[in-house]
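Taking it in order: structure first as structure tokens, then the write-up.
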Amino acid sequence: EERVVRDAVMEELTCMLKGSEAYRFDGQAQAPSLKFLAMVVLCVDSEHSASAANGNAANVGKRCVVVRETANQCILSLRKTFDAVLNQCRAIGKKSEELFESSYKYTIMPECCMMYALHLLSFRRETPSAGGTAVGVPGLTQLP
């Protein structure tokens, strides 16, 4: 909740998504885990000093914008990587394409980070609850 801690975490996440500093291997940027990409949902900032959107944490100003822009660039890069790997697997043959569909796809396809983002939001203390029931859907309950 403190501004300094929040700012440091967001800076580290930005470095991870860019593949800079400690997140390089032999001088090459490494693709981040989709679990870390999903953490962008926790970097919400409001126009006010503190709000429920960011768990009443201190506002970190422009850092939020930087994280969001970095996440967008990361997603574009992952999409290009996804397309390149898919084309390579198709060129190799049917078995390679099947391997891509069953394995590789779920580690580099940016859309696959959504399940992690939803998990983070559903278990976040600040996420509004409807008293244990899914809003507007009788008989369904939210995750504990």
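Chain identifiers are assigned as A, B, and so on, following the order in which chains appear in the structure tokens; residues are numbered from 1 within each chain, and ligands are numbered from 1 in order of appearance.
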For segment 74-76 of chain A, work out the shell of residues within 7 Å, counting only C-alpha atoms and skipping chain neighbours fewer than 4 positions away, then give it as a PyMOL selection string. chain A and resi 17-18+70+80+110
What's the 12 Å shell around Arg90 of chain A, counting only C-alpha atoms, without same-chain residues fewer than 6 positions away, as number ranges by chain? A: 83-84, 96-101
Restricting it to C-alpha atoms, dump the selection as a tab-separated table (two decimals), in the first residue's frame.
chain	number	residue	atom	x	y	z
A	83	ASP	CA	2.94	-16.47	-35.34
A	84	ALA	CA	6.60	-17.21	-36.14
A	96	SER	CA	5.32	-30.54	-34.93
A	97	GLU	CA	2.09	-28.64	-35.50
A	98	GLU	CA	0.27	-30.97	-33.10
A	99	LEU	CA	2.99	-30.36	-30.50
A	100	PHE	CA	2.54	-26.64	-30.97
A	101	GLU	CA	-1.23	-26.93	-30.47
Just the number, please: distance in Å from atom CA of Arg68 of chain A to atom CA of Cys112 of chain A, one decimal.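 Spanning atom CA of Arg68 of chain A to atom CA of Cys112 of chain A is a straight-line distance of 17.7 Å.
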Extract, using only C-alpha atoms, all DNA, RNA and protein residues at most 9 Å from segment 10-15 of chain A, discarding same-chain residues fewer than 5 positions from it, and format them as a short mmCIF file (atom, residue, chain, number, x, y, z; two decimals) with N, CA, C and O atoms, in the first residue's frame.
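The resulting around_8.cif:
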data_model
loop_
_atom_site.label_atom_id
_atom_site.label_comp_id
_atom_site.auth_asym_id
_atom_site.auth_seq_id
_atom_site.Cartn_x
_atom_site.Cartn_y
_atom_site.Cartn_z
N VAL A 5 6.96 1.13 -2.19
CA VAL A 5 6.92 -0.31 -2.47
C VAL A 5 6.19 -0.56 -3.78
O VAL A 5 6.65 -1.31 -4.64
N SER A 20 14.60 -6.49 -19.82
CA SER A 20 15.82 -5.70 -19.61
C SER A 20 16.42 -6.03 -18.25
O SER A 20 15.84 -6.74 -17.44
N GLU A 21 17.62 -5.50 -18.04
CA GLU A 21 18.38 -5.67 -16.81
C GLU A 21 18.55 -7.14 -16.44
O GLU A 21 19.13 -7.90 -17.20
N ALA A 22 18.04 -7.57 -15.31
CA ALA A 22 18.25 -8.94 -14.83
C ALA A 22 17.46 -9.97 -15.64
O ALA A 22 17.68 -11.16 -15.49
N TYR A 23 16.58 -9.52 -16.50
CA TYR A 23 15.72 -10.43 -17.25
C TYR A 23 16.24 -10.66 -18.66
O TYR A 23 15.49 -10.78 -19.61
N PHE A 36 3.20 -13.62 -15.15
CA PHE A 36 3.68 -12.29 -14.80
C PHE A 36 3.02 -11.21 -15.65
O PHE A 36 2.75 -10.12 -15.17
N LEU A 37 2.76 -11.52 -16.91
CA LEU A 37 2.05 -10.57 -17.76
C LEU A 37 0.68 -10.25 -17.16
O LEU A 37 0.23 -9.11 -17.17
N MET A 39 -0.07 -9.95 -14.16
CA MET A 39 0.04 -9.09 -12.98
C MET A 39 -0.21 -7.62 -13.30
O MET A 39 -0.40 -6.81 -12.40
N VAL A 40 -0.25 -7.29 -14.58
CA VAL A 40 -0.55 -5.92 -14.98
C VAL A 40 -1.91 -5.48 -14.42
O VAL A 40 -2.10 -4.31 -14.11
N CYS A 43 -1.84 -3.33 -11.36
CA CYS A 43 -1.14 -2.04 -11.44
C CYS A 43 -2.08 -0.89 -11.78
O CYS A 43 -1.65 0.12 -12.31
N ARG A 63 3.91 5.97 -13.52
CA ARG A 63 4.42 4.59 -13.54
C ARG A 63 3.36 3.64 -14.08
O ARG A 63 3.64 2.72 -14.83
N CYS A 64 2.12 3.86 -13.73
CA CYS A 64 1.01 3.02 -14.20
C CYS A 64 0.92 3.06 -15.72
O CYS A 64 0.72 2.04 -16.37
N VAL A 66 3.34 3.76 -17.83
CA VAL A 66 4.53 3.07 -18.37
C VAL A 66 4.32 1.56 -18.35
O VAL A 66 4.62 0.87 -19.33
N VAL A 67 3.79 1.03 -17.25
CA VAL A 67 3.54 -0.41 -17.16
C VAL A 67 2.54 -0.85 -18.22
O VAL A 67 2.73 -1.86 -18.89
N ARG A 68 1.48 -0.08 -18.39
CA ARG A 68 0.46 -0.43 -19.38
C ARG A 68 1.03 -0.42 -20.80
O ARG A 68 0.79 -1.33 -21.58
N THR A 70 4.20 -0.80 -21.64
CA THR A 70 5.15 -1.91 -21.73
C THR A 70 4.41 -3.23 -21.92
O THR A 70 4.84 -4.08 -22.71
N ALA A 71 3.30 -3.40 -21.22
CA ALA A 71 2.50 -4.62 -21.37
C ALA A 71 1.96 -4.73 -22.80
O ALA A 71 1.96 -5.82 -23.38
#
Find the residues around Leu118 of chain A up to 9 Å (only C-alpha atoms counted), leave out those fewer than 4 positions away in its own chain, and share them as a list in words. Ala38, Val41, Cys113, Met114, Ser122 and Phe123 of chain A
So, counting only C-alpha atoms, which residue among A:Arg3, A:Arg124, A:Lys105, A:Arg24 is closest to Leu78 of chain A?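 Between A:Arg3, A:Arg124, A:Lys105, A:Arg24, the residue approaching Leu78 of chain A most closely is A:Lys105.
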Find the distance between atom CA of Ile108 of chain A and atom CA of Leu121 of chain A and write it in Å to one decimal.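 That distance, rounded to one decimal, is 21.5 Å.
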To one decimal in Å, tell me the separation between atom CA of Met16 of chain A and atom CA of Glu111 of chain A.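 Between these atoms lies a distance of 18.2 Å.
The strand (DSSP E or B) portion of segment 14-43 of chain A consists of Arg24, Phe25, Gln28 and Ala29 of chain A, with states taken from DSSP on the backbone.
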Create the file for the chosen residues now, containing C-alpha atoms and written as an mmCIF file, in the first residue's frame.
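What landed in part.cif:
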data_model
loop_
_atom_site.group_PDB
_atom_site.id
_atom_site.type_symbol
_atom_site.label_atom_id
_atom_site.label_comp_id
_atom_site.auth_asym_id
_atom_site.auth_seq_id
_atom_site.Cartn_x
_atom_site.Cartn_y
_atom_site.Cartn_z
ATOM 1 C CA ARG A 24 18.201 -11.035 -20.061
ATOM 2 C CA PHE A 25 20.022 -14.259 -20.836
ATOM 3 C CA GLN A 28 18.964 -11.633 -25.211
ATOM 4 C CA ALA A 29 15.615 -10.505 -23.832
#
